[in-house]
Amino acid sequence: MTLYLKTKKKRVNNYISDKDCSPLHFNLTEAVAKRLLDERVQDSSLDEKVFWALHRCKQFSSINKLGNTETRADKWRSSLDIWRHVIYRNPEITIFDVMTSLYDQQGKLLSLCCNAINRRVFRTGIGEDFRVGAYGFKDKNIEDEYMLEFISWKNINRKLTKRRTVKKEVVARKKYD
């Protein structure tokens, strides 16, 4: 199903409107955090930041602003969780940026739609045994929590542009022809 960009963004915004969108961090000491989050990661591309956050989710629990564990280590994470980790250090990044990054990196990730939480979830393929690796990238054609198929995530971070009316251009050309 082909959807307008405005409709896609509206569906995502509607979904997250009543969700906790505050940043998440990992349950690590400051010394460990500095060692793991070297300057290269902070100054890296968005794709690298998203991949780094997702990979760290295998080793560390996700902690919310109140200090409570939201998700234990070694669990798959949704795009909302990944975005919340990325904005911990980069608040200017949007959920749409993260969704596009996840779409672009599908060759390095595992994904499926989790029936338990009704979300599309992700995991890095690094260090997975053959059984988990067999998942690959599943459920691309199933609607996710945003009521979007995965193909709709491609370039969802584009800016909305005003549509030009064709009639005015045709009239203008006829005047000067």
# chains A, B, ... in the order shown; residues from 1 in each chain; ligands from 1
call {"tool": "residues_around", "arguments": {"residues": "Leu80 (chain A)", "least_positions_apart": "5", "cutoff": "10 Å", "atoms": "only C-alpha atoms", "output": "PDB file with N, CA and C atoms, in the first residue's frame"}}
result
ATOM      1  N   VAL A  12       3.080   7.667  12.856  1.00  0.00           N
ATOM      2  CA  VAL A  12       4.159   7.522  13.846  1.00  0.00           C
ATOM      3  C   VAL A  12       3.920   8.482  15.012  1.00  0.00           C
ATOM      4  N   ILE A  16       3.351   7.519  19.067  1.00  0.00           N
ATOM      5  CA  ILE A  16       4.243   7.914  20.163  1.00  0.00           C
ATOM      6  C   ILE A  16       3.658   9.003  21.051  1.00  0.00           C
ATOM      7  N   LYS A  19       3.233   7.729  24.509  1.00  0.00           N
ATOM      8  CA  LYS A  19       4.321   6.878  24.996  1.00  0.00           C
ATOM      9  C   LYS A  19       5.377   7.735  25.697  1.00  0.00           C
ATOM     10  N   ASP A  20       6.137   7.109  26.566  1.00  0.00           N
ATOM     11  CA  ASP A  20       7.269   7.779  27.202  1.00  0.00           C
ATOM     12  C   ASP A  20       8.372   7.935  26.160  1.00  0.00           C
ATOM     13  N   CYS A  21       8.699   9.157  25.829  1.00  0.00           N
ATOM     14  CA  CYS A  21       9.725   9.429  24.822  1.00  0.00           C
ATOM     15  C   CYS A  21      10.968  10.064  25.442  1.00  0.00           C
ATOM     16  N   HIS A  85      17.454   5.783  23.184  1.00  0.00           N
ATOM     17  CA  HIS A  85      18.877   5.640  23.534  1.00  0.00           C
ATOM     18  C   HIS A  85      19.721   6.656  22.766  1.00  0.00           C
ATOM     19  N   VAL A  86      19.423   6.840  21.496  1.00  0.00           N
ATOM     20  CA  VAL A  86      20.207   7.763  20.672  1.00  0.00           C
ATOM     21  C   VAL A  86      20.042   9.202  21.158  1.00  0.00           C
ATOM     22  N   ILE A  95      12.751  10.533  15.614  1.00  0.00           N
ATOM     23  CA  ILE A  95      12.389   9.114  15.450  1.00  0.00           C
ATOM     24  C   ILE A  95      12.406   8.733  13.974  1.00  0.00           C
ATOM     25  N   VAL A  98      15.896   7.791  12.918  1.00  0.00           N
ATOM     26  CA  VAL A  98      16.237   6.444  13.394  1.00  0.00           C
ATOM     27  C   VAL A  98      15.531   5.383  12.547  1.00  0.00           C
ATOM     28  N   MET A  99      14.279   5.613  12.209  1.00  0.00           N
ATOM     29  CA  MET A  99      13.546   4.643  11.378  1.00  0.00           C
ATOM     30  C   MET A  99      14.209   4.472  10.015  1.00  0.00           C
ATOM     31  N   ARG A 119       5.099  -4.809  18.517  1.00  0.00           N
ATOM     32  CA  ARG A 119       6.034  -3.859  17.920  1.00  0.00           C
ATOM     33  C   ARG A 119       7.012  -4.599  17.015  1.00  0.00           C
ATOM     34  N   ARG A 120       7.530  -3.867  16.032  1.00  0.00           N
ATOM     35  CA  ARG A 120       8.630  -4.385  15.221  1.00  0.00           C
ATOM     36  C   ARG A 120       9.876  -4.207  16.081  1.00  0.00           C
ATOM     37  N   VAL A 121      10.651  -5.267  16.255  1.00  0.00           N
ATOM     38  CA  VAL A 121      11.831  -5.213  17.112  1.00  0.00           C
ATOM     39  C   VAL A 121      13.082  -5.590  16.321  1.00  0.00           C
TER      40      VAL A 121
END
call {"tool": "residues_around", "arguments": {"residues": "region 59-61 of chain A", "least_positions_apart": "6", "cutoff": "8 Å", "atoms": "only C-alpha atoms", "output": "PyMOL selection string"}}
result
chain A and resi 26-28+69-74
call {"tool": "closest_residue", "arguments": {"among": "A:Phe137, A:Trp76, A:Trp153, A:Trp52", "to": "Gly107 (chain A)", "atoms": "only C-alpha atoms"}}
result
A:Phe137
call {"tool": "residues_around", "arguments": {"residues": "Ile142 (chain A)", "least_positions_apart": "4", "cutoff": "10 Å", "atoms": "only C-alpha atoms", "output": "list in words"}}
result
Leu112, Cys113, Arg120, Lys138, Met147, Leu148, Glu149 and Phe150 of chain A
call {"tool": "residues_around", "arguments": {"residues": "Tyr4 (chain A)", "least_positions_apart": "5", "cutoff": "10 Å", "atoms": "only C-alpha atoms", "output": "PDB file with C-alpha atoms, in the first residue's frame"}}
result
ATOM      1  CA  LYS A   9       4.566  10.688   9.772  1.00  0.00           C
ATOM      2  CA  LYS A  10       1.125  11.250  11.253  1.00  0.00           C
ATOM      3  CA  SER A 152       7.209   2.681   4.393  1.00  0.00           C
ATOM      4  CA  ILE A 156      10.460   8.639   6.259  1.00  0.00           C
ATOM      5  CA  LEU A 160       7.498  17.579   3.835  1.00  0.00           C
TER       6      LEU A 160
END
call {"tool": "closest_residue", "arguments": {"among": "A:Ser44, A:Asn13, A:Thr2, A:Ser62", "to": "His25 (chain A)", "atoms": "only C-alpha atoms"}}
result
A:Ser62
